[in-house]
Amino acid sequence: MKPSYDASTQSINWRFSPERLLVVRSTLNAAAVAAIRSTFEADEAGSSANVSFLNAQEEQLLVKLYITKIPQLCGHFRFPEEVEATAISYLKRFYLRNTVMDWHPKNVMLTALFLATKTTNNPISLESYTSNIPRTSTSDVLDLEFLVAQSLNFEFAVWHAHRALWGLWLDLQSSSDLTEDQRSRDVYEKALKYVRDSRFTDAELIYAPSQIALAALSLASPLLAQRWLDSKSSGADETSSETLDSAVNAIKDLIMHTGHPPDVEAVREVDRRLKLCKNPEKVVGSKAYLGRKAEEERKAEAKRNKKAQDIRRALEGDDPFGNALNEGQPQQRMEELDDDDD
């Protein structure tokens with residue numbers, strides 16, 4: 001029987017190799033650029049020639065900036081760690097199915113956080129939520145809530161590294177060969193900071209929460225990490241130990257090199273370019289937007305008309321309360337029954 005995490009939707013659907021993650025993002029970006037370029041060209045031939053579209057790395061830079069906004073908002077609302085970590089996971093997952101050139105991260109981030117308050121059982125009313133965020137209306141969240149949930153495949157459960165770290169810490173408290181100074185609360189808080197830093201990286205999309213927790217503990221106290229490993233590794237084969245060591249070292253490298261907010265000036269330049277390459281069909285009031293809305297309305301109207309015709313035909317052909325019995329039917333039915341008896 002598989003361990004619980006290995007059987008989870010997170011492990012099955014939201015965990016990738018570094019190479020696969022790169023392919024997913026680059027493929028999504030290429031498809032978005034092709035579609036948006038086509039929309040530009042349909043509006044005016046040659047209009048896309050001088051447009052500088054974002055690449056996959058630049059898209060991630062913008063997403064990473066809005067990841068940094070989530071802890072700030074959680075601090076303002078006093079949401080627990082579970083809400084913060086879950087919202088960040090939702091935001092990352094959303095942009096494995098969508099592109100920033102279609103959906104700007106600002107409102108997606110706000111929607112992901114609001115959704116996380118509900119899925120972690122820390123609800124807040126939509127009015128209280130939006131009224132405490134400058135220049136935000138209820139429609140900014142409601143308009144995207146279904147899209148975000150759909151992009152997550154309605155898979156809302158998230159396994160977090162901060163919970164795994166707490167489990168490791170509890171294990172260490174029962175170790176008799178460690179002094180109180182060696183397992184002081186300061187070490188745990190330092191390790192927790194590294195877990196929080198890991199949220200700026202792709203670690204949770206590549207590694208298991210327990211591996212991230214162990215890497216964070218190793219950064220905070222190599223001694224405690226090794227003691228914990230020693231207590232759990234009896235009977236483990238050499239290959240498994242080497243695999244775990246390799247994963248932990250890779251996570252530590254990720255945290256130390258990319259576990260920090262992005263350069264604001266670099267993001268500002270990406271956001272400036274985004275204004276010029278954003279999908280016109282998503283820009284309210286644009287020709288492409290109005291054309292798409294008109295097409296959607298045409299299809300909706302055709303669907304309504306078809307439904308009305310189907311209902312009308314049904315009413316014209318039959319009484320909605322059932323057909324009246326004519327006089328010949330009972331006798332015909334009796335004859336059929338008589339024939340069956342022969």
# chains A, B, ... in the order shown; residues from 1 in each chain; ligands from 1
>>> closest_atom_pairs(of="region 84-163 of chain A", to="region 19-41 of chain A", cutoff="9 Å", atoms="only C-alpha atoms", output="JSON lines")
{"residue": "A:Tyr95", "atom": "CA", "partner": "A:Arg25", "partner_atom": "CA", "distance": 8.3}
{"residue": "A:Leu96", "atom": "CA", "partner": "A:Arg25", "partner_atom": "CA", "distance": 6.5}
{"residue": "A:Arg97", "atom": "CA", "partner": "A:Leu28", "partner_atom": "CA", "distance": 7.4}
{"residue": "A:Asn98", "atom": "CA", "partner": "A:Leu28", "partner_atom": "CA", "distance": 7.3}
{"residue": "A:Thr99", "atom": "CA", "partner": "A:Asn29", "partner_atom": "CA", "distance": 6.7}
{"residue": "A:Met101", "atom": "CA", "partner": "A:Ala32", "partner_atom": "CA", "distance": 7.4}
{"residue": "A:Asp102", "atom": "CA", "partner": "A:Ala32", "partner_atom": "CA", "distance": 7.9}
>>> atom_distance(atom1="CA of Val83 (chain A)", atom2="CA of Thr119 (chain A)")
8.6 Å
>>> residues_around(residues="region 271-275 of chain A", least_positions_apart="6", cutoff="9 Å", atoms="only C-alpha atoms", output="list in words")
Val51, Ser52, Phe53, Leu54, Leu62, Val100, Met101 and His104 of chain A
>>> write_last_selection(atoms="N, CA and C atoms", output="short mmCIF file (atom, residue, chain, number, x, y, z; two decimals), in the first residue's frame")
data_model
loop_
_atom_site.label_atom_id
_atom_site.label_comp_id
_atom_site.auth_asym_id
_atom_site.auth_seq_id
_atom_site.Cartn_x
_atom_site.Cartn_y
_atom_site.Cartn_z
N VAL A 51 5.84 43.37 -31.50
CA VAL A 51 5.43 43.07 -30.13
C VAL A 51 6.46 42.16 -29.49
N SER A 52 6.93 42.55 -28.30
CA SER A 52 7.91 41.75 -27.56
C SER A 52 7.15 40.89 -26.54
N PHE A 53 6.86 39.67 -26.92
CA PHE A 53 6.11 38.77 -26.04
C PHE A 53 6.99 38.29 -24.89
N LEU A 54 6.35 37.96 -23.77
CA LEU A 54 7.07 37.43 -22.62
C LEU A 54 7.47 35.98 -22.89
N LEU A 62 7.07 37.39 -12.88
CA LEU A 62 5.90 38.18 -12.47
C LEU A 62 5.06 37.42 -11.45
N VAL A 100 0.22 34.40 -17.91
CA VAL A 100 0.00 35.77 -17.41
C VAL A 100 -0.43 36.69 -18.54
N MET A 101 -0.18 36.28 -19.79
CA MET A 101 -0.61 37.12 -20.91
C MET A 101 -2.12 37.03 -21.15
N HIS A 104 -3.71 38.32 -15.67
CA HIS A 104 -2.70 39.00 -14.85
C HIS A 104 -2.71 38.43 -13.43
#
>>> atom_distance(atom1="CA of Thr117 (chain A)", atom2="CA of Ala87 (chain A)")
8.3 Å
>>> atom_distance(atom1="CA of Leu170 (chain A)", atom2="CA of Pro80 (chain A)")
20.1 Å
